[in-house]
Amino acid sequence: MTSRKPLDRYRRIVIKIGSALLVDRKTGLKKSWLDGICADIAGLKAKGVDVLVVSSGAIALGRSVLDLPSGALKLEESQAAAAVGQIALARAWSESLSHDGIVAGQILLTLGDTEERRRYLNARATINQLLKIGAVPIINENDTVATSEIRYGDNDRLAARVATMTGADLLILLSDIDGLYTAPPHLDPDARFLETIAEITPEIEAMAGGAASELSRGGMRTKIDAGKIATGAGCAMIIASGKTDNPLSSIENGARSSWFAPSGTPVTARKTWIAGQLQPAGALHVDEGAVTALGSGKSLLPAGVRSISGQFGRGDTVAVIGPGGREIARGLAGYDADEARQITGRKSSEIEAILGYPGRAAMVHRDDLVMTAYVKTKDEAHA
Ligand code: GLU
């Protein structure tokens, strides 16, 4: 069952904010609301939680800045509105967060950036670096260049992909909807509110209507799709209303919201996926020291690798083979095969001199690595 726990017990939270919360059709940006959520975010960060924001509102804000009439926009009009609105949106976030001494970093993503392996790894690395330096990534779809075939179109699913990409353990979807009902509440007086959703079954999916307001594209449908992406990757999800001034504090204080339980943890979900890859693209042959290190939960460093076989790209699944020729683990390669060959057996500190750029220290990071055979840990080996 879904257990509700205080937000500061999560490690990494992605917060998706719907356009209607941030932008008023007549008066533009809702500055005091923004200040409120930034204070909430600062509170979480002070308790050591990593926070990422997926903020909608570029098109809505651009419309308001440009004073465009209401009604549907042509593609190039909404792209121009997004171009104008995104600048204002990013500035607003950066200003509001700065009141609490927090730095914001803007990330604009397209579908390809989250779905193509190499670009995915690059986007993930940038976001992780922002989190490492204590900044809050402010993420949106790159609406100015995305056309219908290559776009998400809604930030619910984009936020879910950001959550899975970054190994977040909680996704909060804030909009003008306070959660999931068994039927659309404005149409059906018998509609029941669902506080906890243990699993997204076909019945749950059927409850999601297609409704969306004029300002935002996502309705309950895209929220449930987001839930499937997030919970399947081990990330819990909350749908809550953002209509109050401090919506995260409101959730803490028991405001009505729907909680979706994750299946497993983000790391176990990724590892299950890695272990399930049928055909590794290549293999890394490692020495006994590396086998013991991996058995103790460490990352695979280039120093412990003796040779490389196969052709693979960065992010492809590779097998890790011990000195006896036995496969002991599988993982996602941190380097492509050519680079991996160059740094095989070398110290991590030598990587920059060899490759000409400061690469990552690990050949396979431990979060991207799953043991497929039993090996002794360091302590057991010495016993
Ligand atoms: N990316 C769009 C914007 O910033 C919002 C998409 C959505 O509402 O989900 O205007």
# chains A, B, ... in the order shown; residues from 1 in each chain; ligands from 1
>>> residues_near_ligand(ligand="ligand 1", cutoff="6 Å", atoms="only C-alpha atoms and all ligand atoms", output="PyMOL selection string")
chain A and resi 18-19+56-60+140-141+143+153-156+216-218
>>> write_last_selection(atoms="all heavy atoms", output="short mmCIF file (atom, residue, chain, number, x, y, z; two decimals), in the first residue's frame")
data_model
loop_
_atom_site.label_atom_id
_atom_site.label_comp_id
_atom_site.auth_asym_id
_atom_site.auth_seq_id
_atom_site.Cartn_x
_atom_site.Cartn_y
_atom_site.Cartn_z
N GLY A 18 1.74 23.46 -13.33
CA GLY A 18 0.89 23.75 -14.48
C GLY A 18 0.79 25.24 -14.76
O GLY A 18 0.92 26.07 -13.85
N SER A 19 0.57 25.55 -16.03
CA SER A 19 0.52 26.96 -16.46
C SER A 19 -0.48 27.80 -15.68
O SER A 19 -0.21 28.95 -15.31
CB SER A 19 0.10 27.05 -17.94
OG SER A 19 0.99 26.34 -18.74
N SER A 56 5.66 24.70 -16.51
CA SER A 56 4.92 25.11 -17.70
C SER A 56 4.72 26.62 -17.59
O SER A 56 5.12 27.23 -16.61
CB SER A 56 3.55 24.44 -17.74
OG SER A 56 3.69 23.06 -17.74
N GLY A 57 4.11 27.18 -18.59
CA GLY A 57 3.75 28.60 -18.50
C GLY A 57 4.39 29.47 -19.54
O GLY A 57 4.08 30.66 -19.63
N ALA A 58 5.31 28.90 -20.35
CA ALA A 58 5.99 29.74 -21.34
C ALA A 58 4.98 30.31 -22.34
O ALA A 58 4.96 31.51 -22.63
CB ALA A 58 7.07 28.93 -22.06
N ILE A 59 4.13 29.43 -22.86
CA ILE A 59 3.19 29.89 -23.89
C ILE A 59 2.17 30.84 -23.26
O ILE A 59 1.90 31.93 -23.79
CB ILE A 59 2.50 28.68 -24.58
CG1 ILE A 59 3.57 27.85 -25.30
CG2 ILE A 59 1.42 29.14 -25.55
CD1 ILE A 59 3.09 26.55 -25.90
N ALA A 60 1.66 30.46 -22.10
CA ALA A 60 0.67 31.32 -21.43
C ALA A 60 1.25 32.69 -21.11
O ALA A 60 0.61 33.73 -21.32
CB ALA A 60 0.19 30.63 -20.15
N ASN A 140 11.74 22.90 -18.92
CA ASN A 140 10.51 22.99 -19.73
C ASN A 140 10.81 22.30 -21.05
O ASN A 140 11.97 22.03 -21.38
CB ASN A 140 10.11 24.45 -19.94
CG ASN A 140 8.66 24.60 -20.43
OD1 ASN A 140 7.93 23.61 -20.66
ND2 ASN A 140 8.21 25.84 -20.59
N GLU A 141 9.76 22.03 -21.80
CA GLU A 141 9.99 21.52 -23.15
C GLU A 141 10.48 22.69 -24.00
O GLU A 141 10.08 23.85 -23.80
CB GLU A 141 8.70 20.94 -23.74
CG GLU A 141 8.94 20.34 -25.11
CD GLU A 141 7.88 19.33 -25.54
OE1 GLU A 141 6.79 19.32 -24.95
OE2 GLU A 141 8.17 18.55 -26.47
N ASP A 143 9.74 24.38 -26.52
CA ASP A 143 8.57 24.56 -27.40
C ASP A 143 8.89 25.34 -28.67
O ASP A 143 8.18 25.22 -29.66
CB ASP A 143 7.47 25.31 -26.65
CG ASP A 143 6.87 24.51 -25.52
OD1 ASP A 143 6.53 23.34 -25.75
OD2 ASP A 143 6.75 25.04 -24.41
N GLY A 153 4.46 17.82 -25.77
CA GLY A 153 3.21 18.57 -25.84
C GLY A 153 2.60 18.81 -24.47
O GLY A 153 1.83 19.72 -24.29
N ASP A 154 2.93 17.97 -23.51
CA ASP A 154 2.43 18.21 -22.15
C ASP A 154 3.58 17.99 -21.19
O ASP A 154 4.44 17.15 -21.43
CB ASP A 154 1.27 17.26 -21.82
CG ASP A 154 1.77 15.83 -21.71
OD1 ASP A 154 2.18 15.46 -20.61
OD2 ASP A 154 1.81 15.13 -22.74
N ASN A 155 3.57 18.76 -20.13
CA ASN A 155 4.68 18.67 -19.19
C ASN A 155 4.49 17.58 -18.14
O ASN A 155 5.40 17.32 -17.36
CB ASN A 155 4.93 20.02 -18.52
CG ASN A 155 5.79 20.92 -19.39
OD1 ASN A 155 6.25 20.51 -20.46
ND2 ASN A 155 6.02 22.14 -18.95
N ASP A 156 3.31 16.95 -18.11
CA ASP A 156 3.13 15.86 -17.14
C ASP A 156 4.07 14.71 -17.49
O ASP A 156 4.83 14.23 -16.65
CB ASP A 156 1.68 15.35 -17.17
CG ASP A 156 0.69 16.41 -16.67
OD1 ASP A 156 1.08 17.18 -15.77
OD2 ASP A 156 -0.43 16.46 -17.19
N SER A 216 -3.54 24.99 -20.14
CA SER A 216 -2.58 23.88 -20.07
C SER A 216 -3.06 22.75 -20.96
O SER A 216 -4.24 22.61 -21.22
CB SER A 216 -2.46 23.40 -18.63
OG SER A 216 -3.70 22.89 -18.21
N ARG A 217 -2.12 21.93 -21.39
CA ARG A 217 -2.47 20.87 -22.33
C ARG A 217 -2.82 19.59 -21.62
O ARG A 217 -3.53 18.76 -22.12
CB ARG A 217 -1.31 20.62 -23.27
CG ARG A 217 -0.98 21.82 -24.10
CD ARG A 217 -0.48 21.38 -25.46
NE ARG A 217 -0.02 22.52 -26.21
CZ ARG A 217 1.14 23.10 -25.99
NH1 ARG A 217 1.96 22.62 -25.08
NH2 ARG A 217 1.48 24.14 -26.69
N GLY A 218 -2.25 19.40 -20.44
CA GLY A 218 -2.42 18.11 -19.79
C GLY A 218 -3.73 18.02 -19.03
O GLY A 218 -4.11 18.93 -18.31
#
>>> select_by_dssp(residues="range 58-291 of chain A", states="strand (DSSP E or B)", output="number ranges by chain")
A: 104-109, 136-141, 170-175, 180-181, 193-194, 196-197, 236-241, 257-260, 282-286
>>> write_last_selection(atoms="N, CA, C and O atoms", output="compact mmCIF listing (two decimals), in the first residue's frame")
# COMPACT_ATOMS: atom_id res chain seq x y z
N ALA A 104 19.15 29.22 -9.87
CA ALA A 104 18.34 28.42 -10.80
C ALA A 104 19.15 28.18 -12.07
O ALA A 104 19.96 29.02 -12.47
N GLY A 105 18.94 27.02 -12.71
CA GLY A 105 19.57 26.75 -14.00
C GLY A 105 18.49 26.29 -14.98
O GLY A 105 17.70 25.43 -14.64
N GLN A 106 18.47 26.89 -16.16
CA GLN A 106 17.40 26.54 -17.12
C GLN A 106 17.80 25.37 -18.02
O GLN A 106 18.88 25.37 -18.59
N ILE A 107 16.90 24.42 -18.15
CA ILE A 107 17.11 23.30 -19.07
C ILE A 107 15.89 23.19 -19.97
O ILE A 107 14.76 23.04 -19.48
N LEU A 108 16.10 23.29 -21.27
CA LEU A 108 15.00 23.12 -22.22
C LEU A 108 15.21 21.81 -22.96
O LEU A 108 16.26 21.60 -23.57
N LEU A 109 14.24 20.93 -22.89
CA LEU A 109 14.40 19.59 -23.45
C LEU A 109 13.43 19.34 -24.60
O LEU A 109 12.32 19.87 -24.60
N VAL A 136 18.78 24.71 -8.51
CA VAL A 136 17.50 24.08 -8.84
C VAL A 136 17.31 24.14 -10.36
O VAL A 136 17.21 25.23 -10.93
N PRO A 137 17.29 22.97 -11.03
CA PRO A 137 17.03 22.99 -12.47
C PRO A 137 15.57 23.40 -12.74
O PRO A 137 14.66 22.86 -12.12
N ILE A 138 15.39 24.36 -13.62
CA ILE A 138 14.05 24.78 -14.04
C ILE A 138 13.90 24.28 -15.47
O ILE A 138 14.59 24.75 -16.37
N ILE A 139 13.03 23.30 -15.63
CA ILE A 139 12.98 22.55 -16.89
C ILE A 139 11.66 22.81 -17.61
O ILE A 139 10.62 22.94 -16.99
N ASN A 140 11.74 22.90 -18.92
CA ASN A 140 10.51 22.99 -19.73
C ASN A 140 10.81 22.30 -21.05
O ASN A 140 11.97 22.03 -21.38
N GLU A 141 9.76 22.03 -21.80
CA GLU A 141 9.99 21.52 -23.15
C GLU A 141 10.48 22.69 -24.00
O GLU A 141 10.08 23.85 -23.80
N LEU A 170 10.29 10.90 -5.97
CA LEU A 170 8.93 11.45 -5.88
C LEU A 170 8.70 12.47 -6.99
O LEU A 170 9.56 13.31 -7.27
N LEU A 171 7.54 12.37 -7.62
CA LEU A 171 7.10 13.34 -8.61
C LEU A 171 5.81 13.97 -8.09
O LEU A 171 4.89 13.25 -7.70
N ILE A 172 5.77 15.29 -8.05
CA ILE A 172 4.54 15.96 -7.60
C ILE A 172 3.97 16.74 -8.77
O ILE A 172 4.65 17.60 -9.34
N LEU A 173 2.74 16.43 -9.15
CA LEU A 173 2.09 17.17 -10.24
C LEU A 173 1.14 18.18 -9.61
O LEU A 173 0.12 17.81 -9.02
N LEU A 174 1.50 19.45 -9.72
CA LEU A 174 0.64 20.51 -9.17
C LEU A 174 -0.13 21.15 -10.31
O LEU A 174 0.45 21.58 -11.30
N SER A 175 -1.43 21.20 -10.16
CA SER A 175 -2.24 21.87 -11.18
C SER A 175 -3.50 22.36 -10.50
O SER A 175 -3.54 22.52 -9.27
N LEU A 180 -7.18 12.37 -8.21
CA LEU A 180 -7.94 11.49 -9.10
C LEU A 180 -9.28 11.11 -8.49
O LEU A 180 -9.36 10.75 -7.32
N TYR A 181 -10.34 11.23 -9.28
CA TYR A 181 -11.68 10.82 -8.87
C TYR A 181 -12.10 9.61 -9.70
O TYR A 181 -11.59 9.40 -10.81
N PHE A 193 -13.32 10.47 -4.46
CA PHE A 193 -11.93 10.88 -4.51
C PHE A 193 -11.04 9.70 -4.12
O PHE A 193 -11.35 8.98 -3.18
N LEU A 194 -9.93 9.51 -4.83
CA LEU A 194 -9.03 8.40 -4.49
C LEU A 194 -7.77 8.96 -3.82
O LEU A 194 -7.03 9.72 -4.43
N THR A 196 -5.27 7.05 -2.30
CA THR A 196 -4.06 6.29 -2.59
C THR A 196 -4.34 5.31 -3.74
O THR A 196 -5.42 4.74 -3.81
N ILE A 197 -3.36 5.20 -4.61
CA ILE A 197 -3.49 4.30 -5.74
C ILE A 197 -2.29 3.36 -5.68
O ILE A 197 -1.14 3.79 -5.87
N ALA A 236 7.49 7.43 -6.65
CA ALA A 236 6.12 7.70 -6.21
C ALA A 236 5.60 8.96 -6.90
O ALA A 236 6.38 9.78 -7.38
N MET A 237 4.28 9.12 -6.95
CA MET A 237 3.73 10.33 -7.57
C MET A 237 2.56 10.87 -6.74
O MET A 237 1.79 10.09 -6.19
N ILE A 238 2.50 12.18 -6.66
CA ILE A 238 1.38 12.84 -5.99
C ILE A 238 0.71 13.76 -6.99
O ILE A 238 1.39 14.50 -7.70
N ILE A 239 -0.60 13.71 -7.07
CA ILE A 239 -1.34 14.74 -7.80
C ILE A 239 -1.99 15.61 -6.73
O ILE A 239 -2.69 15.10 -5.85
N ALA A 240 -1.73 16.91 -6.78
CA ALA A 240 -2.30 17.79 -5.76
C ALA A 240 -2.64 19.13 -6.39
O ALA A 240 -2.10 19.50 -7.43
N SER A 241 -3.52 19.84 -5.72
CA SER A 241 -3.87 21.17 -6.19
C SER A 241 -2.77 22.14 -5.80
O SER A 241 -2.24 22.09 -4.69
N SER A 257 -4.98 15.09 -1.63
CA SER A 257 -4.11 14.78 -2.76
C SER A 257 -4.15 13.29 -3.02
O SER A 257 -4.49 12.52 -2.12
N SER A 258 -3.86 12.90 -4.24
CA SER A 258 -3.82 11.47 -4.57
C SER A 258 -2.37 11.00 -4.63
O SER A 258 -1.55 11.63 -5.29
N TRP A 259 -2.09 9.89 -3.94
CA TRP A 259 -0.73 9.35 -3.90
C TRP A 259 -0.67 8.03 -4.66
O TRP A 259 -1.46 7.13 -4.41
N PHE A 260 0.29 7.95 -5.55
CA PHE A 260 0.49 6.73 -6.35
C PHE A 260 1.75 6.02 -5.86
O PHE A 260 2.82 6.64 -5.78
N GLY A 282 28.55 -5.43 -25.82
CA GLY A 282 29.98 -5.69 -25.75
C GLY A 282 30.32 -6.22 -24.36
O GLY A 282 29.42 -6.49 -23.56
N ALA A 283 31.61 -6.38 -24.11
CA ALA A 283 32.01 -6.92 -22.81
C ALA A 283 33.25 -6.21 -22.29
O ALA A 283 34.11 -5.77 -23.06
N LEU A 284 33.32 -6.09 -20.98
CA LEU A 284 34.49 -5.53 -20.31
C LEU A 284 35.10 -6.68 -19.49
O LEU A 284 34.43 -7.27 -18.64
N HIS A 285 36.35 -7.03 -19.80
CA HIS A 285 37.03 -8.11 -19.07
C HIS A 285 37.82 -7.48 -17.94
O HIS A 285 38.65 -6.61 -18.18
N VAL A 286 37.54 -7.91 -16.72
CA VAL A 286 38.11 -7.21 -15.56
C VAL A 286 39.00 -8.13 -14.74
O VAL A 286 38.94 -9.37 -14.88
>>> residues_around(residues="range 357-362 of chain A", least_positions_apart="6", cutoff="8 Å", atoms="only C-alpha atoms", output="list in words")
Ser299, Leu300, Leu301, Pro302, Gly334, Ser348, Ser349 and Ile351 of chain A
>>> write_last_selection(atoms="N, CA, C and O atoms", output="tab-separated table (two decimals), in the first residue's frame")
chain	number	residue	atom	x	y	z
A	299	SER	N	31.70	1.11	-8.00
A	299	SER	CA	31.65	1.30	-9.44
A	299	SER	C	32.84	0.60	-10.10
A	299	SER	O	33.84	0.30	-9.43
A	300	LEU	N	32.72	0.35	-11.40
A	300	LEU	CA	33.85	-0.26	-12.12
A	300	LEU	C	34.73	0.86	-12.68
A	300	LEU	O	34.30	1.64	-13.53
A	301	LEU	N	35.97	0.90	-12.20
A	301	LEU	CA	36.90	1.94	-12.67
A	301	LEU	C	37.74	1.39	-13.82
A	301	LEU	O	37.98	0.18	-13.89
A	302	PRO	N	38.23	2.28	-14.70
A	302	PRO	CA	39.06	1.82	-15.83
A	302	PRO	C	40.26	1.00	-15.36
A	302	PRO	O	40.67	0.05	-16.03
A	334	GLY	N	29.85	3.68	-19.47
A	334	GLY	CA	30.03	5.12	-19.28
A	334	GLY	C	30.81	5.74	-20.43
A	334	GLY	O	30.88	6.96	-20.57
A	348	SER	N	41.87	6.74	-13.09
A	348	SER	CA	40.84	7.71	-13.45
A	348	SER	C	41.43	9.11	-13.62
A	348	SER	O	40.97	9.90	-14.43
A	349	SER	N	42.50	9.40	-12.86
A	349	SER	CA	43.11	10.73	-12.95
A	349	SER	C	43.83	10.95	-14.29
A	349	SER	O	44.17	12.07	-14.64
A	351	ILE	N	42.47	10.08	-17.21
A	351	ILE	CA	41.48	10.08	-18.29
A	351	ILE	C	41.54	11.36	-19.12
A	351	ILE	O	41.56	11.32	-20.36
>>> atom_distance(atom1="CA of Ala261 in chain A", atom2="CA of Thr231 in chain A")
6.5 Å
>>> select_by_dssp(residues="range 303-370 of chain A", states="helix (DSSP H, G or I)", output="list in words")
Ala303, Gly304, Ala337, Asp338, Glu339, Ala340, Arg341, Gln342, Ile343, Ser348, Ser349, Glu350, Ile351, Glu352, Ala353, Ile354, Leu355, Arg366, Asp367 and Asp368 of chain A
>>> write_last_selection(atoms="C-alpha atoms", output="PDB file, in the first residue's frame")
ATOM      1  CA  ALA A 303      42.014   0.651 -13.711  1.00  0.00           C
ATOM      2  CA  GLY A 304      40.356  -2.706 -13.095  1.00  0.00           C
ATOM      3  CA  ALA A 337      34.079   1.153 -26.954  1.00  0.00           C
ATOM      4  CA  ASP A 338      36.869   3.201 -28.596  1.00  0.00           C
ATOM      5  CA  GLU A 339      37.266   5.485 -25.608  1.00  0.00           C
ATOM      6  CA  ALA A 340      36.990   2.567 -23.209  1.00  0.00           C
ATOM      7  CA  ARG A 341      39.886   0.836 -25.031  1.00  0.00           C
ATOM      8  CA  GLN A 342      42.051   3.919 -24.663  1.00  0.00           C
ATOM      9  CA  ILE A 343      41.579   4.193 -20.905  1.00  0.00           C
ATOM     10  CA  SER A 348      40.835   7.711 -13.447  1.00  0.00           C
ATOM     11  CA  SER A 349      43.112  10.733 -12.953  1.00  0.00           C
ATOM     12  CA  GLU A 350      44.746  10.002 -16.321  1.00  0.00           C
ATOM     13  CA  ILE A 351      41.477  10.085 -18.295  1.00  0.00           C
ATOM     14  CA  GLU A 352      41.613  13.757 -19.189  1.00  0.00           C
ATOM     15  CA  ALA A 353      45.162  13.552 -20.533  1.00  0.00           C
ATOM     16  CA  ILE A 354      44.292  10.487 -22.650  1.00  0.00           C
ATOM     17  CA  LEU A 355      40.904  11.498 -24.030  1.00  0.00           C
ATOM     18  CA  ARG A 366      27.412   1.481  -9.609  1.00  0.00           C
ATOM     19  CA  ASP A 367      23.887   2.877 -10.083  1.00  0.00           C
ATOM     20  CA  ASP A 368      24.034   1.546 -13.636  1.00  0.00           C
TER      21      ASP A 368
END
>>> residues_around(residues="Lys26 in chain A", least_positions_apart="2", cutoff="10 Å", atoms="only C-alpha atoms", output="PDB file with N, CA and C atoms, in the first residue's frame")
ATOM      1  N   VAL A  23       0.323  31.585 -14.243  1.00  0.00           N
ATOM      2  CA  VAL A  23      -0.021  32.697 -15.126  1.00  0.00           C
ATOM      3  C   VAL A  23      -1.515  32.960 -15.080  1.00  0.00           C
ATOM      4  N   ASP A  24      -1.851  34.220 -14.856  1.00  0.00           N
ATOM      5  CA  ASP A  24      -3.249  34.634 -14.919  1.00  0.00           C
ATOM      6  C   ASP A  24      -3.488  35.218 -16.301  1.00  0.00           C
ATOM      7  N   GLY A  28      -1.144  38.270 -16.018  1.00  0.00           N
ATOM      8  CA  GLY A  28       0.190  37.717 -16.263  1.00  0.00           C
ATOM      9  C   GLY A  28       0.721  36.903 -15.098  1.00  0.00           C
ATOM     10  N   LEU A  29       2.027  36.993 -14.855  1.00  0.00           N
ATOM     11  CA  LEU A  29       2.699  36.145 -13.869  1.00  0.00           C
ATOM     12  C   LEU A  29       2.150  36.353 -12.457  1.00  0.00           C
ATOM     13  N   SER A  64       0.436  36.470 -22.706  1.00  0.00           N
ATOM     14  CA  SER A  64       0.080  37.630 -21.895  1.00  0.00           C
ATOM     15  C   SER A  64       1.024  38.798 -22.192  1.00  0.00           C
ATOM     16  N   ASP A  67       0.073  40.114 -25.454  1.00  0.00           N
ATOM     17  CA  ASP A  67      -1.330  40.517 -25.487  1.00  0.00           C
ATOM     18  C   ASP A  67      -2.096  39.841 -26.634  1.00  0.00           C
TER      19      ASP A  67
END
>>> closest_residue(among="A:Gly112, A:Gly264, A:Gly324, A:Pro247", to="Arg151 in chain A", atoms="only C-alpha atoms")
A:Gly112
>>> residues_around(residues="Val14 in chain A", least_positions_apart="6", cutoff="8 Å", atoms="only C-alpha atoms", output="PDB file with N, CA, C and O atoms, in the first residue's frame")
ATOM      1  N   VAL A  51      15.795  19.217  -5.360  1.00  0.00           N
ATOM      2  CA  VAL A  51      14.520  19.611  -5.966  1.00  0.00           C
ATOM      3  C   VAL A  51      14.739  20.009  -7.425  1.00  0.00           C
ATOM      4  O   VAL A  51      15.663  20.755  -7.746  1.00  0.00           O
ATOM      5  N   LEU A  52      13.887  19.464  -8.299  1.00  0.00           N
ATOM      6  CA  LEU A  52      13.893  19.857  -9.710  1.00  0.00           C
ATOM      7  C   LEU A  52      12.501  20.363 -10.038  1.00  0.00           C
ATOM      8  O   LEU A  52      11.512  19.803  -9.560  1.00  0.00           O
ATOM      9  N   VAL A  53      12.433  21.412 -10.841  1.00  0.00           N
ATOM     10  CA  VAL A  53      11.132  21.967 -11.207  1.00  0.00           C
ATOM     11  C   VAL A  53      10.910  21.777 -12.702  1.00  0.00           C
ATOM     12  O   VAL A  53      11.802  22.062 -13.508  1.00  0.00           O
ATOM     13  N   VAL A  54       9.754  21.256 -13.066  1.00  0.00           N
ATOM     14  CA  VAL A  54       9.344  21.278 -14.470  1.00  0.00           C
ATOM     15  C   VAL A  54       8.235  22.312 -14.541  1.00  0.00           C
ATOM     16  O   VAL A  54       7.153  22.110 -13.994  1.00  0.00           O
ATOM     17  N   ALA A 159       7.740  15.652 -17.200  1.00  0.00           N
ATOM     18  CA  ALA A 159       8.199  15.641 -15.801  1.00  0.00           C
ATOM     19  C   ALA A 159       8.450  14.210 -15.330  1.00  0.00           C
ATOM     20  O   ALA A 159       9.407  13.950 -14.588  1.00  0.00           O
ATOM     21  N   VAL A 162      11.723  13.146 -16.710  1.00  0.00           N
ATOM     22  CA  VAL A 162      12.801  13.797 -15.958  1.00  0.00           C
ATOM     23  C   VAL A 162      13.002  13.056 -14.631  1.00  0.00           C
ATOM     24  O   VAL A 162      14.128  12.797 -14.212  1.00  0.00           O
ATOM     25  N   ALA A 163      11.903  12.672 -14.011  1.00  0.00           N
ATOM     26  CA  ALA A 163      12.000  11.959 -12.729  1.00  0.00           C
ATOM     27  C   ALA A 163      12.724  10.626 -12.904  1.00  0.00           C
ATOM     28  O   ALA A 163      13.609  10.288 -12.115  1.00  0.00           O
ATOM     29  N   ALA A 168      14.742  10.219  -9.470  1.00  0.00           N
ATOM     30  CA  ALA A 168      13.977  10.860  -8.390  1.00  0.00           C
ATOM     31  C   ALA A 168      13.098   9.807  -7.716  1.00  0.00           C
ATOM     32  O   ALA A 168      12.716   8.819  -8.336  1.00  0.00           O
ATOM     33  N   LEU A 170      10.286  10.897  -5.967  1.00  0.00           N
ATOM     34  CA  LEU A 170       8.927  11.455  -5.879  1.00  0.00           C
ATOM     35  C   LEU A 170       8.702  12.472  -6.994  1.00  0.00           C
ATOM     36  O   LEU A 170       9.559  13.305  -7.271  1.00  0.00           O
ATOM     37  N   LEU A 171       7.535  12.365  -7.615  1.00  0.00           N
ATOM     38  CA  LEU A 171       7.097  13.339  -8.614  1.00  0.00           C
ATOM     39  C   LEU A 171       5.808  13.971  -8.092  1.00  0.00           C
ATOM     40  O   LEU A 171       4.894  13.250  -7.699  1.00  0.00           O
ATOM     41  N   ILE A 172       5.767  15.289  -8.045  1.00  0.00           N
ATOM     42  CA  ILE A 172       4.540  15.961  -7.595  1.00  0.00           C
ATOM     43  C   ILE A 172       3.970  16.745  -8.770  1.00  0.00           C
ATOM     44  O   ILE A 172       4.650  17.605  -9.343  1.00  0.00           O
TER      45      ILE A 172
END
>>> residues_around(residues="range 73-79 of chain A", least_positions_apart="5", cutoff="10 Å", atoms="only C-alpha atoms", output="number ranges by chain")
A: 58-60, 62-63, 68, 84-85, 142-148
>>> atom_distance(atom1="CA of Leu21 in chain A", atom2="CA of Gly242 in chain A")
6.5 Å
>>> residues_around(residues="Thr182 in chain A", least_positions_apart="6", cutoff="12 Å", atoms="only C-alpha atoms", output="number ranges by chain")
A: 188-195, 197, 203-209, 220, 258
>>> closest_residue(among="A:Thr344, A:Asn122, A:Thr265, A:Ser55", to="Asp169 in chain A", atoms="only C-alpha atoms")
A:Thr265
